[in-house]
Amino acid sequence: MSMEIAIPQPVERENYLNKEYGALSWLLTTDHKRIALLYLVSITFFFFIGGFFALLIRLELLTPAGDLVQADTYNKLFTMHGMVMVFFFLIPSIPAVLGNFLVPMMIGAKDLAFPRINLLSWYLYIIGGALMLHCMLTGGVDTGWTFYTPFSTNFTNTKIVEAGIAIFIAGFSSILTGLNFVVTIHRMRAPGMTWSRLPLFIWAHYATSIIQLLGTPVIAITIVLVAAERALHLGIFDPKLGGDPLLFQHLFWFYSHPAVYIMILPSMGVVTEIIACFSRKRIFGYSFVAFSSIAIAVFGFLVWAHHMFVAGISVYSALVFSFLSYSVALPSAIKVFNWTATLYKGSIRYDAPMLYAFGFLGLFTIGGLTGLFLAALGIDVHVTDTYFVVAHFHYIMVGGAVMGYLGGMHFWWPKISGRLYPEGWARLAALIVFIGFNLTFFPQFILGYMGMPRRYYDYSHMPEFQVLHVLSTAGSTVLGVGYLLPMVYFLWSMRYGKPASDNPWNAAGLEWKTASPPPTFNFDEEPVVTWEAYNYEELDAPPHKQEVTVG
Amino acid sequence: MADSSTIMGLHQEEEHHPELLHHFAEAGQQRDAASLGMWVFLATEVMFFGGMFCAYLVYRHWYFGDFGAASKSIDATLGATNTAVLICSSLTVVLAVWAAQTARRALLIGMLVFTMLFGLAFLGIKSKEYYDKFEEHHVPGASFNFDHVPVPGHPGEYANPRHAEIFFSLYFVMTGLHALHMIIGLGIFTGLLVMAWKGRFTPEYHTPVEIGGLYWHFVDIVWIYLFPLLYLIDRHP
């Protein structure tokens, strides 16, 4: 047409990126891969907003006196940091970006079962996100991301209702993503793709979807009740009427504890794929890793009250919840041991995705083990609401979930963009993230154990904590650089990166058997699966050993 | 602008049934996926209402007599009428699905209309109940008044108005969200009615009627639990 090019150039294959151009072709797309990229852009936006709040928090804590911001502002900073990071970054991060992109491709489907619902869920996320932005710009919320009653219902005069509606809407986006995954995994698998041949990434997303489906509606109704209590003067948690604030905490944590597994399970799925590929081995104990994902989803629903050990629940229920919290460590440990066993005698390559996977292994293990400290009643009473807890859950949610997310972004970036990222820079960034993370959060374990309470903006009565706080703040800036770097070189590589082959890692999954970037319907012809998952031994075998013909 | 059918994901091939979307291999797979999708969504809905039922059970256990007294102030006759109306609407939904399966277009349209009429009747009766509660100052808030209401079975004892206020808070939230689900159901059935009017449903393709019906039945079942918990807990001769 009008864009005739004089010099003959190699014709680029038609793929999902170059098939159509223009804003409408993105905003009205039902292609799961394009929706994944829409999510990628939106969650990156919220990640940097949440990160900005985190940086301000760390800057305030640089000195013992409360000198950078007012106490009220500080309350709003950590509240908005938590709400943005949890509901608008971590929960959608791996499922909505990598899951959306990969679940149909890994099982050999053309798309998710309900492509229009998939698009709807992105719009719900955007509406929720826009409301959240409006809420932040017009005053924000100061209750902590937990909305604890009666402070949230009867006392604070910040924007509880608006933040509640934003999270309610974003919650439906999460529910619809989970619904799409469950139906897709059940009904859309290619011929020969049996349950025992599914990549463990899919098992992890299946387990995640179960939590999204059964947990999210409970926080949705809880937030509705809080909003109704504020706006319509109903009184369900109101102590003045004999209502029970603890009931709110039960309902809140019934979702919000499993929500941690919404963040970590997909990350475990990513790490499983990476470790198998860069050790060139079938994953050790496939079915144990698969069913431990389901076990985490199930056990995860039975441990919520360990957030309430000091809130006034009975000793007997505290004992039971402590025991159950220990039991959720079993399936997590099974995973860690199986990954380690996969590495054993593997032909390990230290590419950037693998560096993130190693980072995940170490940090998740520290986060998980300190979780056991907190599950023990005696220690929990000592460190409740201290920086020990803050450090623990950041090791899981940042050291675990975000490391997995970044590892996955690097691993599948050639498939997503059709370009290779600069490997040297990527290894450097992985190293910076690892160092920055530990520098930020390891001192917080010590701070917390010595008695630094969380959510304090002024610690001038205990100035001896300043050294550790300075270390932590210094680490957070290093971490910030580590997070900015991948964004820069990913964007750079979209234009200047070397074109990627279909399977640059020589990896085993179905998603690597189609073009990079893939065509709109993923595969040129419907794949038929005749091999087991992670058949790296077969892939790497010398050609003469691949087939033994008789006669 | 590109071909609109591609944008909507309706990449169709000539030999396919016109309602078969591009990414499904055959109509059976599409039907199974839609029906599984609705069942999974209903599981979500169970948890959504479950939070409120949990709150109800806790407070009913704590404030047993007060809840009894408050429950007695609601008009059980209207509630029973509404229960009957919803059970009838479930019957018309089943008949609508059967009519779609057996290609009886007139019957299908009739049954969809009847279902919606029953739904509207339910909402009408419900608003009458809300109006009564408003008149009696039983709506939680500043004007709430539940003084000197005897506790059933305990002569001389009066219900604690603050605990009764919790009951009415739950009453309004639970029935209100149920009514909201009815209104959404009416919207879905309007859509089904338009599709049925246009003759879109055939014995081979009537999945929307089926999954719309599933939704309607679910909303009915929620009411079947709400009715005894809110209206009948303290009615004995």
# chains A, B, ... in the order shown; residues from 1 in each chain; ligands from 1
>>> interface_residues(of="chain A", to="chain B", cutoff="7 Å", atoms="only C-alpha atoms", output="PDB file with C-alpha atoms, in the first residue's frame")
ATOM      1  CA  SER A  25      -6.696  -3.229  17.940  1.00  0.00           C
ATOM      2  CA  LEU A  28     -10.684  -4.281  21.861  1.00  0.00           C
ATOM      3  CA  THR A  29      -8.446  -7.319  21.471  1.00  0.00           C
ATOM      4  CA  THR A  30      -9.543 -10.694  22.741  1.00  0.00           C
ATOM      5  CA  LYS A 110      -5.769 -21.223  20.598  1.00  0.00           C
ATOM      6  CA  ASP A 111      -6.947 -18.950  23.397  1.00  0.00           C
ATOM      7  CA  ALA A 113     -11.946 -20.440  27.076  1.00  0.00           C
ATOM      8  CA  LEU A 179     -12.401 -18.749  36.287  1.00  0.00           C
ATOM      9  CA  VAL A 183     -12.192 -23.780  32.561  1.00  0.00           C
ATOM     10  CA  ARG A 187     -11.631 -28.088  28.662  1.00  0.00           C
ATOM     11  CA  LEU A 213     -12.225 -18.284  43.020  1.00  0.00           C
ATOM     12  CA  LEU A 214     -12.952 -19.323  46.583  1.00  0.00           C
ATOM     13  CA  PRO A 217     -15.484 -13.343  47.047  1.00  0.00           C
ATOM     14  CA  VAL A 218     -15.062 -13.492  50.832  1.00  0.00           C
ATOM     15  CA  ILE A 221     -18.317  -9.250  50.770  1.00  0.00           C
ATOM     16  CA  HIS A 233     -24.781   3.063  59.027  1.00  0.00           C
ATOM     17  CA  LEU A 234     -25.432  -0.636  59.200  1.00  0.00           C
ATOM     18  CA  GLY A 235     -23.702  -2.194  62.165  1.00  0.00           C
ATOM     19  CA  ILE A 236     -22.251  -5.619  61.639  1.00  0.00           C
ATOM     20  CA  LEU A 241     -24.038  -2.621  68.996  1.00  0.00           C
ATOM     21  CA  GLY A 242     -22.341  -5.770  70.232  1.00  0.00           C
ATOM     22  CA  LEU A 251     -13.300 -12.775  57.255  1.00  0.00           C
TER      23      LEU A 251
END
>>> residues_around(residues="Asp147 in chain B", least_positions_apart="2", cutoff="12 Å", atoms="only C-alpha atoms", output="VMD selection string")
chain B and resid 66 69 to 70 136 to 138 143 to 145 149 to 151 157 to 165
>>> closest_residue(among="B:Gly185, B:Gly199, B:Gly28, B:Gly68", to="Arg235 in chain B", atoms="only C-alpha atoms")
B:Gly68
>>> select_by_dssp(residues="range 157-345 of chain A", states="alpha helix (DSSP H)", output="compact mmCIF listing (two decimals) with N, CA and C atoms, in the first residue's frame")
# COMPACT_ATOMS: atom_id res chain seq x y z
N ILE A 160 -12.20 5.38 52.88
CA ILE A 160 -12.36 3.93 52.99
C ILE A 160 -13.29 3.40 51.91
N VAL A 161 -14.43 4.06 51.72
CA VAL A 161 -15.44 3.51 50.80
C VAL A 161 -14.87 3.44 49.39
N GLU A 162 -14.19 4.52 48.99
CA GLU A 162 -13.67 4.53 47.63
C GLU A 162 -12.59 3.46 47.43
N ALA A 163 -11.67 3.35 48.40
CA ALA A 163 -10.64 2.32 48.28
C ALA A 163 -11.29 0.94 48.28
N GLY A 164 -12.33 0.78 49.11
CA GLY A 164 -13.03 -0.50 49.16
C GLY A 164 -13.63 -0.86 47.82
N ILE A 165 -14.29 0.11 47.19
CA ILE A 165 -14.91 -0.18 45.88
C ILE A 165 -13.82 -0.52 44.87
N ALA A 166 -12.69 0.21 44.92
CA ALA A 166 -11.60 -0.08 43.98
C ALA A 166 -11.13 -1.52 44.13
N ILE A 167 -10.95 -1.95 45.38
CA ILE A 167 -10.44 -3.31 45.61
C ILE A 167 -11.51 -4.34 45.26
N PHE A 168 -12.77 -4.02 45.54
CA PHE A 168 -13.88 -4.91 45.17
C PHE A 168 -13.87 -5.17 43.66
N ILE A 169 -13.75 -4.10 42.88
CA ILE A 169 -13.77 -4.25 41.42
C ILE A 169 -12.54 -5.01 40.94
N ALA A 170 -11.36 -4.64 41.47
CA ALA A 170 -10.15 -5.37 41.08
C ALA A 170 -10.26 -6.84 41.46
N GLY A 171 -10.96 -7.10 42.57
CA GLY A 171 -11.16 -8.49 42.99
C GLY A 171 -11.93 -9.28 41.95
N PHE A 172 -12.94 -8.66 41.35
CA PHE A 172 -13.68 -9.38 40.32
C PHE A 172 -12.82 -9.66 39.10
N SER A 173 -11.89 -8.74 38.82
CA SER A 173 -10.95 -9.01 37.73
C SER A 173 -10.16 -10.27 38.03
N SER A 174 -9.73 -10.40 39.29
CA SER A 174 -8.95 -11.56 39.69
C SER A 174 -9.79 -12.84 39.63
N ILE A 175 -11.05 -12.76 40.08
CA ILE A 175 -11.94 -13.92 40.03
C ILE A 175 -12.13 -14.38 38.59
N LEU A 176 -12.35 -13.43 37.67
CA LEU A 176 -12.62 -13.82 36.28
C LEU A 176 -11.39 -14.44 35.64
N THR A 177 -10.18 -13.95 36.01
CA THR A 177 -8.97 -14.58 35.49
C THR A 177 -8.90 -16.02 35.97
N GLY A 178 -9.16 -16.24 37.26
CA GLY A 178 -9.12 -17.59 37.81
C GLY A 178 -10.13 -18.49 37.14
N LEU A 179 -11.34 -17.97 36.93
CA LEU A 179 -12.40 -18.75 36.29
C LEU A 179 -11.97 -19.17 34.88
N ASN A 180 -11.40 -18.22 34.16
CA ASN A 180 -10.94 -18.51 32.80
C ASN A 180 -9.87 -19.60 32.80
N PHE A 181 -8.94 -19.53 33.75
CA PHE A 181 -7.87 -20.53 33.79
C PHE A 181 -8.43 -21.91 34.11
N VAL A 182 -9.32 -21.99 35.11
CA VAL A 182 -9.85 -23.31 35.50
C VAL A 182 -10.56 -23.96 34.32
N VAL A 183 -11.44 -23.20 33.68
CA VAL A 183 -12.19 -23.78 32.56
C VAL A 183 -11.25 -24.12 31.41
N THR A 184 -10.28 -23.25 31.15
CA THR A 184 -9.34 -23.50 30.05
C THR A 184 -8.53 -24.77 30.31
N ILE A 185 -8.04 -24.92 31.54
CA ILE A 185 -7.19 -26.08 31.83
C ILE A 185 -8.04 -27.36 31.78
N HIS A 186 -9.31 -27.26 32.17
CA HIS A 186 -10.15 -28.45 32.11
C HIS A 186 -10.56 -28.81 30.69
N ARG A 187 -10.90 -27.81 29.89
CA ARG A 187 -11.63 -28.09 28.66
C ARG A 187 -10.85 -27.85 27.38
N LEU A 200 4.35 -27.91 35.12
CA LEU A 200 4.00 -27.60 36.51
C LEU A 200 3.58 -26.15 36.68
N PHE A 201 3.96 -25.31 35.72
CA PHE A 201 3.45 -23.94 35.68
C PHE A 201 1.92 -23.95 35.63
N ILE A 202 1.37 -24.90 34.86
CA ILE A 202 -0.09 -24.99 34.74
C ILE A 202 -0.70 -25.49 36.05
N TRP A 203 -0.09 -26.49 36.66
CA TRP A 203 -0.60 -26.97 37.97
C TRP A 203 -0.59 -25.82 38.98
N ALA A 204 0.48 -25.04 38.98
CA ALA A 204 0.57 -23.93 39.93
C ALA A 204 -0.55 -22.92 39.67
N HIS A 205 -0.83 -22.66 38.38
CA HIS A 205 -1.89 -21.70 38.08
C HIS A 205 -3.26 -22.26 38.37
N TYR A 206 -3.39 -23.58 38.23
CA TYR A 206 -4.68 -24.19 38.58
C TYR A 206 -4.94 -24.00 40.08
N ALA A 207 -3.92 -24.28 40.89
CA ALA A 207 -4.07 -24.11 42.33
C ALA A 207 -4.35 -22.65 42.68
N THR A 208 -3.62 -21.75 42.01
CA THR A 208 -3.84 -20.31 42.25
C THR A 208 -5.28 -19.93 41.94
N SER A 209 -5.78 -20.44 40.81
CA SER A 209 -7.14 -20.08 40.40
C SER A 209 -8.16 -20.54 41.42
N ILE A 210 -7.93 -21.71 42.02
CA ILE A 210 -8.87 -22.19 43.05
C ILE A 210 -8.93 -21.17 44.19
N ILE A 211 -7.76 -20.67 44.60
CA ILE A 211 -7.76 -19.70 45.70
C ILE A 211 -8.46 -18.42 45.26
N GLN A 212 -8.16 -17.96 44.03
CA GLN A 212 -8.80 -16.73 43.56
C GLN A 212 -10.32 -16.89 43.56
N LEU A 213 -10.78 -18.08 43.15
CA LEU A 213 -12.22 -18.28 43.02
C LEU A 213 -12.91 -18.39 44.37
N LEU A 214 -12.27 -19.07 45.32
CA LEU A 214 -12.95 -19.32 46.58
C LEU A 214 -12.59 -18.30 47.66
N GLY A 215 -11.48 -17.59 47.52
CA GLY A 215 -11.09 -16.63 48.53
C GLY A 215 -11.57 -15.22 48.24
N THR A 216 -11.37 -14.77 46.99
CA THR A 216 -11.67 -13.38 46.66
C THR A 216 -13.10 -12.96 47.00
N PRO A 217 -14.12 -13.81 46.71
CA PRO A 217 -15.48 -13.34 47.05
C PRO A 217 -15.66 -13.05 48.53
N VAL A 218 -14.89 -13.72 49.39
CA VAL A 218 -15.06 -13.49 50.83
C VAL A 218 -14.55 -12.10 51.20
N ILE A 219 -13.40 -11.69 50.63
CA ILE A 219 -12.95 -10.33 50.96
C ILE A 219 -13.86 -9.32 50.29
N ALA A 220 -14.42 -9.70 49.12
CA ALA A 220 -15.34 -8.78 48.45
C ALA A 220 -16.52 -8.47 49.37
N ILE A 221 -17.14 -9.50 49.93
CA ILE A 221 -18.32 -9.25 50.77
C ILE A 221 -17.90 -8.54 52.06
N THR A 222 -16.70 -8.86 52.57
CA THR A 222 -16.24 -8.20 53.80
C THR A 222 -16.09 -6.70 53.56
N ILE A 223 -15.52 -6.35 52.41
CA ILE A 223 -15.35 -4.93 52.10
C ILE A 223 -16.71 -4.27 51.88
N VAL A 224 -17.65 -5.01 51.26
CA VAL A 224 -19.00 -4.47 51.10
C VAL A 224 -19.59 -4.16 52.46
N LEU A 225 -19.40 -5.06 53.43
CA LEU A 225 -19.96 -4.84 54.77
C LEU A 225 -19.31 -3.62 55.43
N VAL A 226 -17.99 -3.47 55.27
CA VAL A 226 -17.33 -2.29 55.85
C VAL A 226 -17.87 -1.01 55.20
N ALA A 227 -17.99 -1.05 53.86
CA ALA A 227 -18.49 0.14 53.16
C ALA A 227 -19.92 0.43 53.58
N ALA A 228 -20.74 -0.62 53.73
CA ALA A 228 -22.14 -0.42 54.14
C ALA A 228 -22.19 0.15 55.55
N GLU A 229 -21.25 -0.28 56.37
CA GLU A 229 -21.24 0.21 57.75
C GLU A 229 -20.91 1.70 57.78
N ARG A 230 -19.98 2.11 56.92
CA ARG A 230 -19.63 3.54 56.87
C ARG A 230 -20.71 4.36 56.19
N ALA A 231 -21.17 3.88 55.02
CA ALA A 231 -22.02 4.72 54.19
C ALA A 231 -23.49 4.63 54.60
N PRO A 245 -15.41 -6.92 66.12
CA PRO A 245 -14.33 -6.59 65.19
C PRO A 245 -13.50 -7.81 64.82
N LEU A 246 -13.44 -8.80 65.73
CA LEU A 246 -12.68 -10.00 65.40
C LEU A 246 -13.30 -10.75 64.23
N LEU A 247 -14.64 -10.68 64.12
CA LEU A 247 -15.29 -11.33 62.99
C LEU A 247 -14.76 -10.74 61.69
N PHE A 248 -14.58 -9.40 61.70
CA PHE A 248 -13.99 -8.78 60.52
C PHE A 248 -12.62 -9.38 60.23
N GLN A 249 -11.80 -9.51 61.27
CA GLN A 249 -10.44 -10.03 61.03
C GLN A 249 -10.48 -11.45 60.50
N HIS A 250 -11.41 -12.26 61.04
CA HIS A 250 -11.53 -13.63 60.51
C HIS A 250 -11.86 -13.59 59.02
N LEU A 251 -12.88 -12.81 58.67
CA LEU A 251 -13.30 -12.77 57.26
C LEU A 251 -12.20 -12.19 56.39
N PHE A 252 -11.53 -11.15 56.88
CA PHE A 252 -10.47 -10.51 56.10
C PHE A 252 -9.34 -11.49 55.83
N TRP A 253 -8.87 -12.18 56.87
CA TRP A 253 -7.71 -13.06 56.68
C TRP A 253 -8.10 -14.35 55.99
N PHE A 254 -9.38 -14.69 55.99
CA PHE A 254 -9.79 -15.89 55.25
C PHE A 254 -9.40 -15.76 53.78
N TYR A 255 -9.48 -14.52 53.27
CA TYR A 255 -8.96 -14.29 51.92
C TYR A 255 -7.49 -13.92 51.97
N SER A 256 -7.15 -13.00 52.85
CA SER A 256 -5.85 -12.34 52.72
C SER A 256 -4.70 -13.24 53.09
N HIS A 257 -4.95 -14.30 53.88
CA HIS A 257 -3.83 -15.23 53.99
C HIS A 257 -3.65 -16.06 52.72
N PRO A 258 -4.72 -16.73 52.23
CA PRO A 258 -4.54 -17.44 50.95
C PRO A 258 -4.04 -16.53 49.83
N ALA A 259 -4.32 -15.24 49.91
CA ALA A 259 -3.84 -14.32 48.87
C ALA A 259 -2.33 -14.38 48.74
N VAL A 260 -1.64 -14.67 49.86
CA VAL A 260 -0.18 -14.82 49.79
C VAL A 260 0.15 -15.96 48.83
N TYR A 261 -0.67 -17.00 48.86
CA TYR A 261 -0.42 -18.14 47.97
C TYR A 261 -0.81 -17.81 46.54
N ILE A 262 -1.74 -16.85 46.35
CA ILE A 262 -2.01 -16.37 44.98
C ILE A 262 -0.74 -15.74 44.43
N MET A 263 0.06 -15.12 45.32
CA MET A 263 1.28 -14.47 44.85
C MET A 263 2.42 -15.48 44.66
N ILE A 264 2.53 -16.44 45.58
CA ILE A 264 3.73 -17.27 45.58
C ILE A 264 3.58 -18.50 44.68
N LEU A 265 2.37 -19.07 44.58
CA LEU A 265 2.23 -20.30 43.79
C LEU A 265 2.61 -20.10 42.31
N PRO A 266 2.12 -19.05 41.64
CA PRO A 266 2.53 -18.88 40.24
C PRO A 266 4.04 -18.71 40.13
N SER A 267 4.63 -18.05 41.13
CA SER A 267 6.07 -17.87 41.12
C SER A 267 6.78 -19.21 41.21
N MET A 268 6.23 -20.10 42.05
CA MET A 268 6.79 -21.45 42.15
C MET A 268 6.68 -22.16 40.80
N GLY A 269 5.57 -21.93 40.10
CA GLY A 269 5.41 -22.54 38.78
C GLY A 269 6.48 -22.06 37.82
N VAL A 270 6.74 -20.76 37.83
CA VAL A 270 7.76 -20.18 36.95
C VAL A 270 9.12 -20.79 37.27
N VAL A 271 9.45 -20.84 38.56
CA VAL A 271 10.76 -21.32 38.97
C VAL A 271 10.94 -22.79 38.57
N THR A 272 9.85 -23.57 38.67
CA THR A 272 9.94 -24.97 38.27
C THR A 272 10.34 -25.09 36.80
N GLU A 273 9.70 -24.28 35.94
CA GLU A 273 10.04 -24.33 34.51
C GLU A 273 11.50 -23.94 34.30
N ILE A 274 11.93 -22.88 34.98
CA ILE A 274 13.29 -22.38 34.75
C ILE A 274 14.32 -23.39 35.22
N ILE A 275 14.09 -23.97 36.41
CA ILE A 275 15.10 -24.89 36.97
C ILE A 275 15.22 -26.13 36.09
N ALA A 276 14.09 -26.64 35.60
CA ALA A 276 14.17 -27.81 34.72
C ALA A 276 14.95 -27.46 33.46
N CYS A 277 14.68 -26.30 32.88
CA CYS A 277 15.32 -25.95 31.61
C CYS A 277 16.81 -25.73 31.77
N PHE A 278 17.20 -25.00 32.84
CA PHE A 278 18.62 -24.66 32.96
C PHE A 278 19.43 -25.70 33.72
N SER A 279 18.76 -26.80 34.16
CA SER A 279 19.52 -27.95 34.64
C SER A 279 19.49 -29.06 33.61
N TYR A 286 7.83 -35.15 39.76
CA TYR A 286 6.81 -34.35 39.09
C TYR A 286 5.49 -34.33 39.87
N SER A 287 4.98 -35.51 40.22
CA SER A 287 3.64 -35.52 40.80
C SER A 287 3.65 -34.92 42.21
N PHE A 288 4.78 -35.02 42.92
CA PHE A 288 4.85 -34.38 44.24
C PHE A 288 4.78 -32.86 44.10
N VAL A 289 5.51 -32.35 43.10
CA VAL A 289 5.49 -30.90 42.91
C VAL A 289 4.09 -30.46 42.49
N ALA A 290 3.45 -31.25 41.61
CA ALA A 290 2.11 -30.90 41.14
C ALA A 290 1.12 -30.88 42.30
N PHE A 291 1.10 -31.97 43.07
CA PHE A 291 0.08 -32.04 44.11
C PHE A 291 0.42 -31.18 45.31
N SER A 292 1.71 -30.83 45.48
CA SER A 292 2.00 -29.92 46.58
C SER A 292 1.40 -28.54 46.29
N SER A 293 1.27 -28.18 44.99
CA SER A 293 0.59 -26.91 44.68
C SER A 293 -0.85 -26.96 45.14
N ILE A 294 -1.52 -28.08 44.84
CA ILE A 294 -2.92 -28.21 45.27
C ILE A 294 -2.98 -28.22 46.80
N ALA A 295 -2.03 -28.92 47.43
CA ALA A 295 -2.04 -29.01 48.89
C ALA A 295 -1.87 -27.63 49.50
N ILE A 296 -0.98 -26.81 48.91
CA ILE A 296 -0.79 -25.45 49.44
C ILE A 296 -2.09 -24.67 49.33
N ALA A 297 -2.79 -24.83 48.19
CA ALA A 297 -4.06 -24.11 48.02
C ALA A 297 -5.07 -24.55 49.08
N VAL A 298 -5.12 -25.85 49.38
CA VAL A 298 -6.11 -26.35 50.34
C VAL A 298 -5.72 -25.95 51.77
N PHE A 299 -4.47 -26.28 52.16
CA PHE A 299 -4.01 -25.93 53.51
C PHE A 299 -4.06 -24.43 53.73
N GLY A 300 -3.76 -23.68 52.66
CA GLY A 300 -3.71 -22.23 52.78
C GLY A 300 -5.01 -21.64 53.30
N VAL A 315 -7.14 -19.69 73.28
CA VAL A 315 -5.85 -20.39 73.26
C VAL A 315 -5.96 -21.67 72.44
N TYR A 316 -7.12 -22.33 72.57
CA TYR A 316 -7.26 -23.62 71.87
C TYR A 316 -7.28 -23.41 70.36
N SER A 317 -8.01 -22.40 69.90
CA SER A 317 -8.01 -22.21 68.45
C SER A 317 -6.64 -21.72 68.00
N ALA A 318 -5.94 -20.96 68.85
CA ALA A 318 -4.58 -20.53 68.49
C ALA A 318 -3.68 -21.75 68.33
N LEU A 319 -3.83 -22.74 69.24
CA LEU A 319 -3.03 -23.96 69.14
C LEU A 319 -3.29 -24.67 67.81
N VAL A 320 -4.58 -24.80 67.47
CA VAL A 320 -4.94 -25.51 66.24
C VAL A 320 -4.38 -24.76 65.03
N PHE A 321 -4.53 -23.44 65.02
CA PHE A 321 -4.06 -22.68 63.86
C PHE A 321 -2.53 -22.69 63.79
N SER A 322 -1.87 -22.74 64.94
CA SER A 322 -0.42 -22.84 64.93
C SER A 322 0.00 -24.16 64.30
N PHE A 323 -0.67 -25.25 64.71
CA PHE A 323 -0.34 -26.56 64.15
C PHE A 323 -0.60 -26.59 62.64
N LEU A 324 -1.76 -26.05 62.23
CA LEU A 324 -2.08 -26.07 60.79
C LEU A 324 -1.09 -25.22 60.00
N SER A 325 -0.62 -24.12 60.62
CA SER A 325 0.34 -23.28 59.91
C SER A 325 1.65 -24.03 59.69
N TYR A 326 2.02 -24.85 60.68
CA TYR A 326 3.21 -25.68 60.48
C TYR A 326 2.99 -26.64 59.33
N SER A 327 1.77 -27.18 59.23
CA SER A 327 1.56 -28.22 58.21
C SER A 327 1.61 -27.64 56.80
N ALA A 329 3.80 -25.78 55.79
CA ALA A 329 5.21 -25.76 55.41
C ALA A 329 5.61 -27.05 54.69
N LEU A 330 4.85 -28.13 54.94
CA LEU A 330 5.24 -29.41 54.33
C LEU A 330 5.25 -29.35 52.81
N PRO A 331 4.10 -29.00 52.17
CA PRO A 331 4.15 -28.96 50.70
C PRO A 331 5.16 -27.96 50.16
N SER A 332 5.38 -26.85 50.88
CA SER A 332 6.38 -25.88 50.41
C SER A 332 7.77 -26.50 50.47
N ALA A 333 8.03 -27.23 51.55
CA ALA A 333 9.34 -27.87 51.68
C ALA A 333 9.51 -28.94 50.61
N ILE A 334 8.45 -29.68 50.33
CA ILE A 334 8.52 -30.70 49.27
C ILE A 334 9.00 -30.06 47.98
N LYS A 335 8.45 -28.88 47.68
CA LYS A 335 8.86 -28.20 46.45
C LYS A 335 10.34 -27.84 46.49
N VAL A 336 10.76 -27.21 47.60
CA VAL A 336 12.15 -26.77 47.67
C VAL A 336 13.09 -27.97 47.53
N PHE A 337 12.78 -29.06 48.21
CA PHE A 337 13.65 -30.25 48.12
C PHE A 337 13.65 -30.81 46.70
N ASN A 338 12.49 -30.80 46.04
CA ASN A 338 12.45 -31.36 44.68
C ASN A 338 13.22 -30.48 43.70
N TRP A 339 13.15 -29.16 43.88
CA TRP A 339 13.94 -28.30 43.00
C TRP A 339 15.42 -28.57 43.22
N THR A 340 15.81 -28.69 44.49
CA THR A 340 17.22 -28.94 44.79
C THR A 340 17.65 -30.27 44.18
N ALA A 341 16.79 -31.27 44.31
CA ALA A 341 17.13 -32.57 43.76
C ALA A 341 17.22 -32.52 42.24
N THR A 342 16.42 -31.62 41.62
CA THR A 342 16.52 -31.48 40.16
C THR A 342 17.88 -30.90 39.78
N LEU A 343 18.38 -29.98 40.59
CA LEU A 343 19.68 -29.37 40.29
C LEU A 343 20.81 -30.40 40.38
>>> closest_atom_pairs(of="range 81-135 of chain A", to="range 403-414 of chain A", cutoff="10 Å", atoms="only C-alpha atoms", output="CSV")
residue,atom,partner,partner_atom,distance
A:Leu90,CA,A:Tyr405,CA,9.3
A:Ser93,CA,A:Tyr405,CA,7.2
A:Ile94,CA,A:Tyr405,CA,5.9
A:Pro95,CA,A:Tyr405,CA,9.6
A:Val97,CA,A:Met409,CA,9.1
A:Leu98,CA,A:Gly408,CA,7.4
A:Phe101,CA,A:Trp412,CA,9.6
A:Leu102,CA,A:Trp412,CA,9.0
>>> write_last_selection(atoms="C-alpha atoms", output="PDB file, in the first residue's frame")
ATOM      1  CA  LEU A  90       1.350  -8.827  43.198  1.00  0.00           C
ATOM      2  CA  SER A  93       1.477 -10.012  38.408  1.00  0.00           C
ATOM      3  CA  ILE A  94       2.319 -13.534  37.276  1.00  0.00           C
ATOM      4  CA  PRO A  95      -1.202 -14.890  36.617  1.00  0.00           C
ATOM      5  CA  VAL A  97       0.746 -11.370  32.606  1.00  0.00           C
ATOM      6  CA  LEU A  98       2.693 -14.611  32.250  1.00  0.00           C
ATOM      7  CA  PHE A 101       0.236 -15.326  27.877  1.00  0.00           C
ATOM      8  CA  LEU A 102       1.325 -18.876  28.573  1.00  0.00           C
TER       9      LEU A 102
END
>>> residues_around(residues="range 156-158 of chain A", least_positions_apart="4", cutoff="12 Å", atoms="only C-alpha atoms", output="VMD selection string")
chain A and resid 72 to 73 75 to 76 79 to 80 135 to 144 147 to 152 162 to 164 230 to 231
>>> residues_around(residues="Trp216 in chain B", least_positions_apart="5", cutoff="10 Å", atoms="only C-alpha atoms", output="list in words")
Leu86, Ser89, Ser90, Val93, Thr115, Gly119, His181, Met182, Ile184, Gly185, Leu186, Ile188, Phe189, Glu210, Ile211 and Ile221 of chain B
>>> write_last_selection(atoms="C-alpha atoms", output="tab-separated table (two decimals), in the first residue's frame")
chain	number	residue	atom	x	y	z
B	86	LEU	CA	-39.53	-17.89	43.29
B	89	SER	CA	-40.13	-18.97	38.59
B	90	SER	CA	-37.75	-21.93	38.86
B	93	VAL	CA	-37.01	-21.53	33.90
B	115	THR	CA	-39.95	-15.94	34.70
B	119	GLY	CA	-38.92	-11.92	39.29
B	181	HIS	CA	-28.74	-10.62	42.06
B	182	MET	CA	-32.42	-10.81	41.03
B	184	ILE	CA	-28.96	-8.79	37.37
B	185	GLY	CA	-30.94	-11.95	36.58
B	186	LEU	CA	-33.70	-9.84	35.05
B	188	ILE	CA	-29.74	-11.58	31.75
B	189	PHE	CA	-33.25	-12.79	30.97
B	210	GLU	CA	-29.04	-23.21	30.09
B	211	ILE	CA	-26.42	-21.15	31.89
B	221	ILE	CA	-31.63	-21.35	46.21
